[in-house]
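**Q** Here it is, the structure, as structure tokens.
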Amino acid sequence: MTTSRLRVFPAISRNRDPKKYVGELMRVAQFADRNGFEGILLFEGNDVFVEPWAMAQHIMAGTTRSSPLIAVNPVYMHPFTAAKFVSSFAQLYGRKVYLNMITGTAVSDLQGLGDDQSHADRYDRLGEFVALMRQLLSSPRPVNVEGRFYRASNLQLRPRLPAELMPEFLIAGQSEAAQRVAKETGCIKMQMLPPDLDRGLDVSGMNFGIFARESRDEARQAAKARFRDNPDDRELLALTVENSDSVWKRRLYEGQSGELADNGYWLLPFLTFQADCPYLVGSYAEIGAKLKDFAAKGLTTVMLDMVADEAEMQHVCKALAASGMF
């Protein structure tokens, strides 16, 4: 059985200087465009400096083939609006986009917006959102829907989206509600890199960072120099976890150490609020072999936390290339 290449979306951390935010995102987006990445992940939330749809347009105008992965939260827009953006990008650039469907995790943001749905109901709403968006984008006739959260009466999106530009939907989440909705809607299911790297994958998408060098020891030393432990940073994460109803964030946070494991799994960048996910640390060859193994078990899509530094990004490319899947 031949496995197709991995689709990789770099992401840079969201806690940045607003003056540098756009320039840094564009640097990574252009690097990604030149080096065979699918696109770049764009976050959504009250604390994000530039609305991801606006940033996606800026990136598409400044790249030749990038297909951004745009975070979409129903609390901020109607499915018709999101479908209209997708259709507009298809007409402007002739490119598809990917949509990272989220329900929002900062409890204070949801309260600020007056959104009082339960965790499970927000996922039910997300499922309806995806279903209505798909209908609007693909239906030759007006759409009629009578859902719990969305109703549409003879609603039509013009022009219809060409089939090859249909967006692909991703859903992250470890909760039962998230897993159920991902399955019901047939979205790409995302999870965090698990500490036991050899465990069988039951998802086609994973979120992690890569820190690689020529040799294993060199990678481990450089990683520890780059991501340092700091009690203040750990406290910052503790505060965000308190203000979150995210099941995966709590699971990662609870009972985990910042030690760099023998298999290369490292949680310290997450625990010190320097990354949104675990890291995989090792030589190019080691990481390449792990990625090849993941792909053989069904991995197709990677959200890849990256340090926005040209030299670091080149190291990541060497590890990806060593997999033979990129």
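Labeling convention for the structure tokens: chains A, B, ... as they appear, residues from 1 per chain, ligands from 1 in order of appearance.
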Once DSSP has gone over the backbone, tell me which residues of region 114-322 of chain A are in helix (DSSP H, G or I), as a VMD selection string.
**A** chain A and resid 119 to 138 163 to 165 176 to 185 216 to 226 231 to 242 247 to 253 268 to 271 284 to 296 310 to 322
**Q** Taking a cut-off of 9 Å and counting only C-alpha atoms, can you build a table that, for each residue of region 119-154 of chain A near region 71-90 of chain A, reports the nearest atom pair and how far apart they are in Å (one decimal), sorted by chain then residue number, as CSV?
**A**
```
residue,atom,partner,partner_atom,distance
A:Arg122,CA,A:Pro74,CA,8.4
A:Arg125,CA,A:Pro74,CA,7.5
A:Leu126,CA,A:Pro74,CA,6.6
A:Glu128,CA,A:Pro79,CA,9.0
A:Phe129,CA,A:Pro79,CA,5.6
A:Val130,CA,A:Pro79,CA,7.5
A:Leu132,CA,A:Pro79,CA,6.6
A:Met133,CA,A:Pro79,CA,5.3
A:Arg134,CA,A:Ala83,CA,8.1
A:Leu136,CA,A:Ala83,CA,6.9
A:Leu137,CA,A:Ala83,CA,6.4
A:Tyr150,CA,A:Pro79,CA,8.6
```
**Q** What does the distance between CA of Ser257 (chain A) and CA of Phe270 (chain A) come to in Å, to one decimal place?
**A**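 A separation of 10.6 Å between them.
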**Q** Report as a ChimeraX atom specification: the residues of region 70-215 of chain A with a DSSP assignment of strand (DSSP E), based on the backbone of this structure.
**A** /A:70-72,98-101,143-146,151-155,168-172,188-192,205-213
**Q** Just checking: using only C-alpha atoms, which residue out of A:Asn35, A:Ser204, A:Ser118, A:Thr103 ends up closest to Lys318 (chain A)?
**A** A:Asn35
**Q** Between A:Leu201, A:Leu320, A:Val22, A:Leu157, which has the minimum distance to Val50 (chain A) (counting only C-alpha atoms)?
**A**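 For Val50 (chain A), the nearest of the given residues is A:Val22.
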**Q** At a cut-off of 12 Å, using only C-alpha atoms, what residues contact region 93-97 of chain A? Leave out same-chain residues fewer than 6 positions from it and give the result as a VMD selection string.
**A** chain A and resid 9 38 to 42 52 to 53 56 to 72 82 to 83 85 to 87 161 to 170
**Q** With distances taken over only C-alpha atoms, which of A:Gly173, A:Gly205, A:Pro278, A:Gly36 is nearest to Ile102 (chain A)?
**A**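 Of A:Gly173, A:Gly205, A:Pro278, A:Gly36, the one nearest Ile102 (chain A), counting only C-alpha atoms, is A:Gly173.
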**Q** Of the candidates A:Asp229, A:Glu214, A:Asp17, A:Asp196, which shows the shortest atom-to-atom distance to Pro269 (chain A), using only C-alpha atoms?
**A**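 Ranked by minimum distance to Pro269 (chain A), first place goes to A:Asp229.
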